[in-house]
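Asks: target_12.txt (compact mmCIF, C-alpha atoms) pasted underneath:
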# COMPACT_ATOMS: atom_id res chain seq x y z
CA MET U 1 35.96 192.36 -72.04
CA PRO U 2 32.27 191.93 -72.90
CA ALA U 3 30.40 188.83 -71.80
CA ALA U 4 29.64 186.10 -74.33
CA ALA U 5 25.90 186.61 -73.85
CA PRO U 6 23.49 189.52 -74.40
CA LEU U 7 23.27 192.16 -71.66
CA LEU U 8 20.35 194.35 -70.57
CA TRP U 9 20.21 197.57 -68.57
CA LEU U 10 16.90 198.91 -67.23
CA SER U 11 17.03 202.35 -65.62
CA PRO U 12 15.21 205.68 -65.37
CA LEU U 13 15.51 207.64 -68.59
CA GLU U 14 17.02 210.63 -66.81
CA GLN U 15 19.45 208.69 -64.61
CA PRO U 16 22.78 210.59 -64.43
CA CYS U 17 25.58 208.69 -66.17
CA GLY U 18 28.49 211.10 -66.66
CA ALA U 19 28.83 210.51 -70.41
CA SER U 20 28.66 213.21 -73.09
CA LEU U 21 27.33 213.14 -76.62
CA SER U 22 29.72 213.06 -79.55
CA ALA U 23 29.97 216.24 -81.64
CA GLN U 24 27.79 214.63 -84.32
CA GLU U 25 25.22 213.49 -81.77
CA GLN U 26 25.12 216.98 -80.26
CA GLN U 27 24.41 218.41 -83.70
CA TRP U 28 21.65 215.88 -84.31
CA CYS U 29 20.23 216.69 -80.88
CA ASP U 30 20.29 220.45 -81.55
CA ASP U 31 18.41 219.91 -84.83
CA LEU U 32 15.56 218.08 -83.11
CA PRO U 33 12.42 219.86 -81.86
CA THR U 34 13.07 221.16 -78.35
CA ALA U 35 10.62 218.71 -76.77
CA LEU U 36 12.50 215.70 -78.20
CA GLN U 37 16.02 216.77 -77.28
CA PRO U 38 16.07 215.55 -73.63
CA ARG U 39 15.02 212.02 -74.62
CA TYR U 40 17.59 211.77 -77.40
CA ARG U 41 20.34 213.13 -75.15
CA ALA U 42 19.50 210.80 -72.26
CA THR U 43 19.27 207.63 -74.35
CA ARG U 44 22.56 208.22 -76.18
CA GLN U 45 24.42 209.33 -73.07
CA GLN U 46 23.32 206.24 -71.15
CA LEU U 47 24.12 203.95 -74.06
CA ARG U 48 27.61 205.41 -74.34
CA ALA U 49 28.12 205.08 -70.59
CA ARG U 50 27.05 201.42 -70.51
CA LEU U 51 29.23 200.52 -73.50
CA ALA U 52 32.21 202.42 -72.10
CA SER U 53 31.97 200.41 -68.88
CA LEU U 54 31.46 197.17 -70.79
CA PHE U 55 34.48 197.64 -73.07
CA GLU U 56 36.58 199.48 -70.48
CA VAL U 57 37.11 202.49 -72.75
CA SER U 58 36.15 206.16 -72.55
CA ALA U 59 32.58 207.01 -73.49
CA ASP U 60 33.66 209.34 -76.29
CA SER U 61 35.73 206.58 -77.95
CA VAL U 62 32.79 204.17 -78.35
CA PRO U 63 32.21 203.85 -82.15
CA LEU U 64 28.47 204.46 -81.98
CA HIS U 65 26.43 205.69 -84.96
CA SER U 66 23.03 206.71 -83.64
CA PRO U 67 21.04 209.30 -85.63
CA PRO U 68 17.56 210.22 -84.37
CA SER U 69 14.78 207.86 -85.51
CA GLN U 70 17.28 205.21 -86.61
CA ALA U 71 18.45 202.02 -84.95
CA PRO U 72 21.83 202.61 -83.26
CA ARG U 73 24.82 200.76 -84.72
CA LEU U 74 28.32 199.96 -83.53
CA ALA U 75 31.43 199.59 -85.67
CA ALA U 76 32.28 196.09 -86.91
CA GLY U 77 33.63 193.89 -84.15
CA TRP U 78 31.93 195.79 -81.34
CA GLY U 79 28.67 193.82 -81.33
CA PHE U 80 25.10 195.07 -81.62
CA VAL U 81 22.84 197.34 -79.57
CA SER U 82 19.15 198.14 -79.22
CA ILE U 83 17.18 200.83 -77.38
CA SER U 84 13.61 201.03 -76.10
CA HIS U 85 11.98 203.61 -73.85
CA SER U 86 8.51 203.90 -72.38
CA GLY U 87 7.41 206.80 -70.24
CA GLU U 88 10.40 207.69 -68.06
CA GLN U 89 12.05 204.29 -68.24
CA LEU U 90 14.84 203.11 -70.58
CA LEU U 91 15.89 199.62 -71.70
CA LEU U 92 19.28 199.15 -73.37
CA ALA U 93 20.78 195.98 -74.83
CA TRP U 94 24.18 194.88 -76.09
CA SER U 95 24.85 191.52 -77.73
CA PRO U 96 27.57 189.78 -79.75
CA TRP U 97 24.77 189.13 -82.27
CA ALA U 98 21.92 191.15 -83.77
CA VAL U 99 19.45 192.03 -81.01
CA GLY U 100 16.16 193.83 -80.54
CA VAL U 101 14.40 194.95 -77.36
CA ASP U 102 11.09 196.50 -76.40
CA LEU U 103 9.72 197.88 -73.14
CA GLU U 104 6.19 198.29 -71.79
CA ARG U 105 4.79 198.93 -68.31
CA ARG U 106 3.18 195.73 -67.02
CA GLU U 107 0.09 197.56 -65.77
CA ARG U 108 -0.47 199.50 -68.99
CA ALA U 109 -4.19 199.82 -69.73
CA LEU U 110 -5.19 198.90 -73.26
CA GLN U 111 -8.06 197.54 -75.34
CA ALA U 112 -6.52 194.12 -75.72
CA GLU U 113 -9.27 192.59 -77.84
CA LEU U 114 -9.33 195.44 -80.37
CA LEU U 115 -5.54 195.57 -80.53
CA ALA U 116 -5.27 191.85 -81.20
CA GLN U 117 -7.99 191.92 -83.84
CA ARG U 118 -6.30 194.77 -85.66
CA PHE U 119 -2.66 193.70 -85.54
CA PHE U 120 -2.36 190.01 -84.60
CA PRO U 121 -2.74 186.92 -86.83
CA THR U 122 -6.14 185.20 -86.68
CA ALA U 123 -4.95 182.09 -84.84
CA GLU U 124 -3.32 184.16 -82.11
CA THR U 125 -6.34 186.45 -81.79
CA GLN U 126 -8.68 183.48 -81.38
CA ALA U 127 -6.51 182.07 -78.59
CA LEU U 128 -6.46 185.46 -76.86
CA LEU U 129 -10.23 185.86 -77.03
CA ALA U 130 -10.61 182.62 -75.09
CA LEU U 131 -8.77 184.14 -72.10
CA PRO U 132 -10.31 186.13 -69.21
CA ALA U 133 -9.99 189.89 -69.68
CA GLU U 134 -6.97 190.48 -67.38
CA ALA U 135 -5.09 187.44 -68.67
CA ARG U 136 -5.81 188.64 -72.22
CA ARG U 137 -4.44 192.11 -71.49
CA LEU U 138 -1.20 190.72 -70.08
CA GLN U 139 -0.80 188.21 -72.88
CA VAL U 140 -1.25 190.92 -75.52
CA LEU U 141 1.45 193.00 -73.85
CA ARG U 142 3.84 190.05 -73.56
CA SER U 143 3.28 189.18 -77.21
CA TRP U 144 3.63 192.82 -78.26
CA VAL U 145 7.04 193.35 -76.64
CA ARG U 146 8.39 190.20 -78.27
CA LYS U 147 7.11 191.30 -81.69
CA GLU U 148 8.44 194.86 -81.47
CA ALA U 149 11.77 193.47 -80.32
CA ALA U 150 11.75 191.06 -83.27
CA ILE U 151 11.08 193.88 -85.73
CA LYS U 152 14.06 195.81 -84.32
CA TRP U 153 16.16 192.63 -84.50
CA MET U 154 15.38 192.28 -88.21
CA ALA U 155 15.83 196.07 -88.77
CA ALA U 156 12.37 196.38 -90.33
CA SER U 157 9.27 198.58 -90.09
CA ILE U 158 6.65 197.91 -87.44
CA ALA U 159 3.91 199.12 -89.79
CA GLU U 160 4.91 196.54 -92.40
CA GLU U 161 5.89 193.60 -90.19
CA LEU U 162 3.77 193.55 -87.03
CA ARG U 163 0.85 191.57 -88.44
CA HIS U 164 3.21 188.90 -89.83
CA TRP U 165 4.58 187.90 -86.42
CA TYR U 166 2.78 185.17 -84.48
CA TRP U 167 3.45 184.35 -80.83
CA ASP U 168 2.46 180.72 -80.26
CA ASP U 169 2.01 180.65 -76.51
CA THR U 170 1.37 176.90 -76.45
CA GLN U 171 4.70 176.12 -78.12
CA GLN U 172 6.42 179.20 -76.66
CA GLU U 173 7.64 180.15 -80.12
CA LEU U 174 7.78 183.40 -82.09
CA ILE U 175 7.20 182.86 -85.80
CA HIS U 176 7.26 185.13 -88.87
CA LEU U 177 4.42 183.75 -90.97
CA GLN U 178 5.82 184.92 -94.31
CA ARG U 179 9.56 184.41 -93.91
CA GLY U 180 9.53 181.41 -91.61
CA LEU U 181 11.83 183.12 -89.10
CA ARG U 182 11.80 181.61 -85.60
CA PRO U 183 14.22 183.73 -83.53
CA THR U 184 14.91 183.10 -79.88
CA SER U 185 12.74 185.43 -77.81
CA LEU U 186 12.21 186.25 -74.17
CA CYS U 187 9.84 188.38 -72.12
CA LEU U 188 11.31 189.36 -68.75
CA GLU U 189 9.52 191.17 -65.93
CA SER U 190 11.48 193.64 -63.81
CA CYS U 191 10.28 196.33 -61.42
CA GLY U 192 6.82 196.43 -63.01
CA TRP U 193 8.11 196.45 -66.60
CA LEU U 194 7.90 193.88 -69.41
CA CYS U 195 11.17 193.59 -71.34
CA GLY U 196 11.08 191.84 -74.70
CA VAL U 197 14.37 190.51 -76.07
CA VAL U 198 14.89 188.83 -79.46
CA GLY U 199 18.02 187.44 -81.11
CA ASP U 200 20.60 184.71 -80.80
CA GLY U 201 21.38 184.04 -77.16
CA ALA U 202 18.27 185.85 -75.89
CA ASP U 203 17.55 182.90 -73.60
CA GLN U 204 20.95 183.49 -71.95
CA VAL U 205 20.55 187.24 -71.46
CA GLN U 206 22.05 188.76 -68.31
CA TRP U 207 21.43 192.02 -66.49
CA GLY U 208 24.37 194.38 -66.93
CA LYS U 209 26.15 196.13 -64.10
CA PHE U 210 25.07 199.69 -63.30
CA SER U 211 28.51 201.11 -62.54
Using structure tokens, write down the structure that the file contains.
Replies:
Amino acid sequence: MPAAAPLLWLSPLEQPCGASLSAQEQQWCDDLPTALQPRYRATRQQLRARLASLFEVSADSVPLHSPPSQAPRLAAGWGFVSISHSGEQLLLAWSPWAVGVDLERRERALQAELLAQRFFPTAETQALLALPAEARRLQVLRSWVRKEAAIKWMAASIAEELRHWYWDDTQQELIHLQRGLRPTSLCLESCGWLCGVVGDGADQVQWGKFS
């Protein structure tokens, strides 16, 4: 039976898992541009494999609804899932409650100041500008993965919601400035990757088994 806390799996995107796509997923995959098919296939196969192991059922019996470009969903009573991939790495999550995850390489180069000025609330940007350049880059990434995870958790659009999320590093709190949402959030580091997790129980998240 599943654990009573959220689970994460971090693995190479193309890691063999032994699971197959459902007939519907195979059709969706075939309809994608050729360049996008391997990524869709790998993410859904791995998600099915992890859930099959978690629930001790066959991979093809997992009630997963996961069209391309949409957040994956499980049937009622099976919990909630979230997917994020970056480069050749994949982050999967399962939780008894709504959950969102995001993944970024810790050493990713970016124009932290410009990114913050464009997408972050003024108070957060001002705090970031007071940091040395390397600390600023890392803090922008840590804030970013929390915010993208939060947007997945609320099943919303990053284009519409990103600028409304504020990471208060002093209080260690993620806040939606319009809606007043303050979900539990976490930024984990593993094998050179930053893993953002948002949702109830995020502070109790565990790493899932890789069997």
Asks: Could you check how far CA of Leu138 (chain U) sits from CA of Leu110 (chain U), in Å to one decimal?
Replies: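 According to the coordinates, CA of Leu138 (chain U) and CA of Leu110 (chain U) are separated by 9.6 Å.
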Asks: Which residues, written as a PyMOL selection string, have at least one atom at most 7 Å from region 139-154 of chain U, with all atoms listed in the file counted and residues fewer than 2 positions away on the same chain left out?
Replies: chain U and resi 98-104+112+135-137+156-158+161-162+165+167+185-187+194-199
Asks: Could you dump the residues just selected with C-alpha atoms as a PDB file, keeping the file's coordinate frame?
Replies:
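Output file out-v8.pdb follows:
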ATOM      1  CA  ALA U  98      21.920 191.150 -83.770  1.00  0.00           C
ATOM      2  CA  VAL U  99      19.450 192.030 -81.010  1.00  0.00           C
ATOM      3  CA  GLY U 100      16.160 193.830 -80.540  1.00  0.00           C
ATOM      4  CA  VAL U 101      14.400 194.950 -77.360  1.00  0.00           C
ATOM      5  CA  ASP U 102      11.090 196.500 -76.400  1.00  0.00           C
ATOM      6  CA  LEU U 103       9.720 197.880 -73.140  1.00  0.00           C
ATOM      7  CA  GLU U 104       6.190 198.290 -71.790  1.00  0.00           C
ATOM      8  CA  ALA U 112      -6.520 194.120 -75.720  1.00  0.00           C
ATOM      9  CA  ALA U 135      -5.090 187.440 -68.670  1.00  0.00           C
ATOM     10  CA  ARG U 136      -5.810 188.640 -72.220  1.00  0.00           C
ATOM     11  CA  ARG U 137      -4.440 192.110 -71.490  1.00  0.00           C
ATOM     12  CA  ALA U 156      12.370 196.380 -90.330  1.00  0.00           C
ATOM     13  CA  SER U 157       9.270 198.580 -90.090  1.00  0.00           C
ATOM     14  CA  ILE U 158       6.650 197.910 -87.440  1.00  0.00           C
ATOM     15  CA  GLU U 161       5.890 193.600 -90.190  1.00  0.00           C
ATOM     16  CA  LEU U 162       3.770 193.550 -87.030  1.00  0.00           C
ATOM     17  CA  TRP U 165       4.580 187.900 -86.420  1.00  0.00           C
ATOM     18  CA  TRP U 167       3.450 184.350 -80.830  1.00  0.00           C
ATOM     19  CA  SER U 185      12.740 185.430 -77.810  1.00  0.00           C
ATOM     20  CA  LEU U 186      12.210 186.250 -74.170  1.00  0.00           C
ATOM     21  CA  CYS U 187       9.840 188.380 -72.120  1.00  0.00           C
ATOM     22  CA  LEU U 194       7.900 193.880 -69.410  1.00  0.00           C
ATOM     23  CA  CYS U 195      11.170 193.590 -71.340  1.00  0.00           C
ATOM     24  CA  GLY U 196      11.080 191.840 -74.700  1.00  0.00           C
ATOM     25  CA  VAL U 197      14.370 190.510 -76.070  1.00  0.00           C
ATOM     26  CA  VAL U 198      14.890 188.830 -79.460  1.00  0.00           C
ATOM     27  CA  GLY U 199      18.020 187.440 -81.110  1.00  0.00           C
TER      28      GLY U 199
END
Asks: When distances are computed from all atoms listed in the file, which of U:Pro96, U:Arg163, U:His85, U:Leu90 shows the smallest separation from Arg118 (chain U)?
Replies: U:Arg163
Asks: Can you tell me which residues surround Leu21 (chain U) at a distance of at most 12 Å, considering all atoms listed in the file, apart from same-chain residues fewer than 5 positions away, and format the answer as a list in words?
Replies: Gln26, Gln27, Trp28, Cys29, Asp30, Gln37, Pro38, Tyr40, Arg41, Ala42, Thr43, Arg44, Gln45, Gln46, Leu47, Arg48, Ala49, Ser58, Ala59, Asp60, Ser61, Val62, Pro63, Leu64, His65, Ser66 and Pro67 of chain U
Asks: Counting only C-alpha atoms, what is within 7 Å of region 168-175 of chain U, bar same-chain residues fewer than 5 positions away, as a VMD selection string?
Replies: chain U and resid 124 180 to 183 185
Asks: Skipping near chain neighbours, those fewer than 2 positions away, what residues fall within 9 Å of Trp97 (chain U) using all atoms listed in the file, listed as a list in words?
Replies: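 With the cut-off at 9 Å, the set is Ala5, Pro6, Gly79, Phe80, Val81, Trp94, Ser95, Val99, Gly199, Asp200 and Gly201 of chain U.
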Asks: Please, what is the axis-aligned box for every listed atom of region 113-129 of chain U with 5 Å on each side, as centre and edge lengths in Å to one decimal, as JSON?
Replies:
{"center_x": -6.3, "center_y": 188.8, "center_z": -81.8, "size_x": 17.9, "size_y": 23.5, "size_z": 20.0}
Asks: Counting all atoms listed in the file, which of U:Leu10, U:Ala159, U:Thr34, U:Pro72 gets nearest to Gln206 (chain U)?
Replies: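 Of all the options, U:Leu10 lies closest to Gln206 (chain U).
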Asks: If you measure from CA of Gln70 (chain U) to CA of Ala155 (chain U), what distance in Å do you get, rounded to one decimal?
Replies: 9.5 Å
Asks: What separation in Å, quoted to one decimal, exists between CA of Ser86 (chain U) and CA of Ser11 (chain U)?
Replies: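 Separation between CA of Ser86 (chain U) and CA of Ser11 (chain U): 11.0 Å.
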Asks: May I ask which of the residues U:Ala133, U:Leu177, U:Ala75, U:Leu7 is the closest one to Ala109 (chain U), counting all atoms listed in the file?
Replies: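 Comparing U:Ala133, U:Leu177, U:Ala75, U:Leu7 against Ala109 (chain U), the winner is U:Ala133.
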Asks: Measuring between all atoms listed in the file, which one of U:Leu54, U:Trp9, U:Glu88, U:Glu113 shows the shortest distance to Leu131 (chain U)?
Replies: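 Going through U:Leu54, U:Trp9, U:Glu88, U:Glu113 one by one, the smallest distance to Leu131 (chain U) is for U:Glu113.
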Asks: As an MDAnalysis selection string, please: the residues near Ala123 (chain U) (cut-off 9 Å, all atoms listed in the file, same-chain neighbours under 3 positions excluded).
Replies: chainID U and resid 120 126:128 166 168
Asks: Using C-alpha atoms, can you export the residues from the last selection as a short mmCIF file (atom, residue, chain, number, x, y, z; two decimals), in the coordinates of the input?
Replies:
data_model
loop_
_atom_site.label_atom_id
_atom_site.label_comp_id
_atom_site.auth_asym_id
_atom_site.auth_seq_id
_atom_site.Cartn_x
_atom_site.Cartn_y
_atom_site.Cartn_z
CA PHE U 120 -2.36 190.01 -84.60
CA GLN U 126 -8.68 183.48 -81.38
CA ALA U 127 -6.51 182.07 -78.59
CA LEU U 128 -6.46 185.46 -76.86
CA TYR U 166 2.78 185.17 -84.48
CA ASP U 168 2.46 180.72 -80.26
#
Asks: When you get a chance, write out all heavy atoms for region 154-165 of chain U, as a JSON list (two decimals), in the frame of the given file.
Replies:
[["chain", "number", "residue", "atom", "x", "y", "z"],
["U", 154, "MET", "N", 15.26, 192.47, -86.77],
["U", 154, "MET", "CA", 15.38, 192.28, -88.21],
["U", 154, "MET", "C", 15.54, 193.61, -88.96],
["U", 154, "MET", "O", 15.61, 193.63, -90.19],
["U", 154, "MET", "CB", 14.18, 191.51, -88.76],
["U", 154, "MET", "CG", 12.85, 192.24, -88.66],
["U", 154, "MET", "SD", 11.40, 191.22, -89.09],
["U", 154, "MET", "CE", 11.77, 190.72, -90.76],
["U", 155, "ALA", "N", 15.64, 194.73, -88.20],
["U", 155, "ALA", "CA", 15.83, 196.07, -88.77],
["U", 155, "ALA", "C", 14.76, 196.38, -89.81],
["U", 155, "ALA", "O", 15.05, 196.78, -90.94],
["U", 155, "ALA", "CB", 17.22, 196.19, -89.38],
["U", 156, "ALA", "N", 13.49, 196.20, -89.42],
["U", 156, "ALA", "CA", 12.37, 196.38, -90.33],
["U", 156, "ALA", "C", 11.40, 197.42, -89.77],
["U", 156, "ALA", "O", 11.63, 198.02, -88.72],
["U", 156, "ALA", "CB", 11.67, 195.06, -90.58],
["U", 157, "SER", "N", 10.29, 197.60, -90.46],
["U", 157, "SER", "CA", 9.27, 198.58, -90.09],
["U", 157, "SER", "C", 8.13, 197.91, -89.34],
["U", 157, "SER", "O", 7.58, 196.91, -89.81],
["U", 157, "SER", "CB", 8.72, 199.27, -91.35],
["U", 157, "SER", "OG", 7.49, 199.91, -91.10],
["U", 158, "ILE", "N", 7.75, 198.49, -88.20],
["U", 158, "ILE", "CA", 6.65, 197.91, -87.44],
["U", 158, "ILE", "C", 5.34, 197.95, -88.23],
["U", 158, "ILE", "O", 4.53, 197.03, -88.16],
["U", 158, "ILE", "CB", 6.49, 198.61, -86.07],
["U", 158, "ILE", "CG1", 5.45, 197.88, -85.22],
["U", 158, "ILE", "CG2", 6.14, 200.08, -86.23],
["U", 158, "ILE", "CD1", 5.40, 198.34, -83.79],
["U", 159, "ALA", "N", 5.13, 199.01, -89.01],
["U", 159, "ALA", "CA", 3.91, 199.12, -89.79],
["U", 159, "ALA", "C", 3.79, 197.99, -90.82],
["U", 159, "ALA", "O", 2.69, 197.51, -91.10],
["U", 159, "ALA", "CB", 3.86, 200.48, -90.49],
["U", 160, "GLU", "N", 4.92, 197.57, -91.37],
["U", 160, "GLU", "CA", 4.91, 196.54, -92.40],
["U", 160, "GLU", "C", 4.97, 195.12, -91.84],
["U", 160, "GLU", "O", 4.48, 194.18, -92.46],
["U", 160, "GLU", "CB", 6.09, 196.75, -93.35],
["U", 160, "GLU", "CG", 6.03, 198.06, -94.13],
["U", 160, "GLU", "CD", 7.26, 198.27, -94.98],
["U", 160, "GLU", "OE1", 8.17, 197.41, -94.93],
["U", 160, "GLU", "OE2", 7.32, 199.29, -95.68],
["U", 161, "GLU", "N", 5.57, 194.95, -90.66],
["U", 161, "GLU", "CA", 5.89, 193.60, -90.19],
["U", 161, "GLU", "C", 5.05, 193.10, -89.02],
["U", 161, "GLU", "O", 4.98, 191.89, -88.79],
["U", 161, "GLU", "CB", 7.37, 193.53, -89.79],
["U", 161, "GLU", "CG", 8.33, 193.73, -90.95],
["U", 161, "GLU", "CD", 8.29, 192.59, -91.95],
["U", 161, "GLU", "OE1", 7.79, 191.50, -91.62],
["U", 161, "GLU", "OE2", 8.76, 192.80, -93.09],
["U", 162, "LEU", "N", 4.41, 193.98, -88.26],
["U", 162, "LEU", "CA", 3.77, 193.55, -87.03],
["U", 162, "LEU", "C", 2.76, 192.43, -87.24],
["U", 162, "LEU", "O", 2.75, 191.43, -86.52],
["U", 162, "LEU", "CB", 3.09, 194.74, -86.34],
["U", 162, "LEU", "CG", 2.40, 194.44, -85.00],
["U", 162, "LEU", "CD1", 3.39, 193.89, -83.99],
["U", 162, "LEU", "CD2", 1.73, 195.69, -84.47],
["U", 163, "ARG", "N", 1.91, 192.55, -88.25],
["U", 163, "ARG", "CA", 0.85, 191.57, -88.44],
["U", 163, "ARG", "C", 1.37, 190.22, -88.94],
["U", 163, "ARG", "O", 0.63, 189.23, -88.97],
["U", 163, "ARG", "CB", -0.20, 192.11, -89.40],
["U", 163, "ARG", "CG", 0.27, 192.34, -90.82],
["U", 163, "ARG", "CD", -0.81, 193.01, -91.65],
["U", 163, "ARG", "NE", -1.10, 194.36, -91.21],
["U", 163, "ARG", "CZ", -2.18, 194.69, -90.52],
["U", 163, "ARG", "NH1", -3.08, 193.78, -90.21],
["U", 163, "ARG", "NH2", -2.37, 195.94, -90.14],
["U", 164, "HIS", "N", 2.64, 190.16, -89.34],
["U", 164, "HIS", "CA", 3.21, 188.90, -89.83],
["U", 164, "HIS", "C", 3.84, 188.06, -88.72],
["U", 164, "HIS", "O", 4.21, 186.91, -88.96],
["U", 164, "HIS", "CB", 4.25, 189.17, -90.92],
["U", 164, "HIS", "CG", 3.70, 189.90, -92.10],
["U", 164, "HIS", "ND1", 2.53, 189.52, -92.73],
["U", 164, "HIS", "CD2", 4.14, 191.01, -92.76],
["U", 164, "HIS", "CE1", 2.29, 190.34, -93.74],
["U", 164, "HIS", "NE2", 3.25, 191.25, -93.76],
["U", 165, "TRP", "N", 3.99, 188.64, -87.53],
["U", 165, "TRP", "CA", 4.58, 187.90, -86.42],
["U", 165, "TRP", "C", 3.50, 187.24, -85.58],
["U", 165, "TRP", "O", 2.49, 187.85, -85.24],
["U", 165, "TRP", "CB", 5.41, 188.83, -85.54],
["U", 165, "TRP", "CG", 6.75, 189.15, -86.12],
["U", 165, "TRP", "CD1", 7.12, 190.31, -86.75],
["U", 165, "TRP", "CD2", 7.91, 188.32, -86.13],
["U", 165, "TRP", "NE1", 8.43, 190.24, -87.15],
["U", 165, "TRP", "CE2", 8.94, 189.04, -86.78],
["U", 165, "TRP", "CE3", 8.18, 187.04, -85.64],
["U", 165, "TRP", "CZ2", 10.22, 188.51, -86.95],
["U", 165, "TRP", "CZ3", 9.46, 186.52, -85.81],
["U", 165, "TRP", "CH2", 10.46, 187.25, -86.46]]
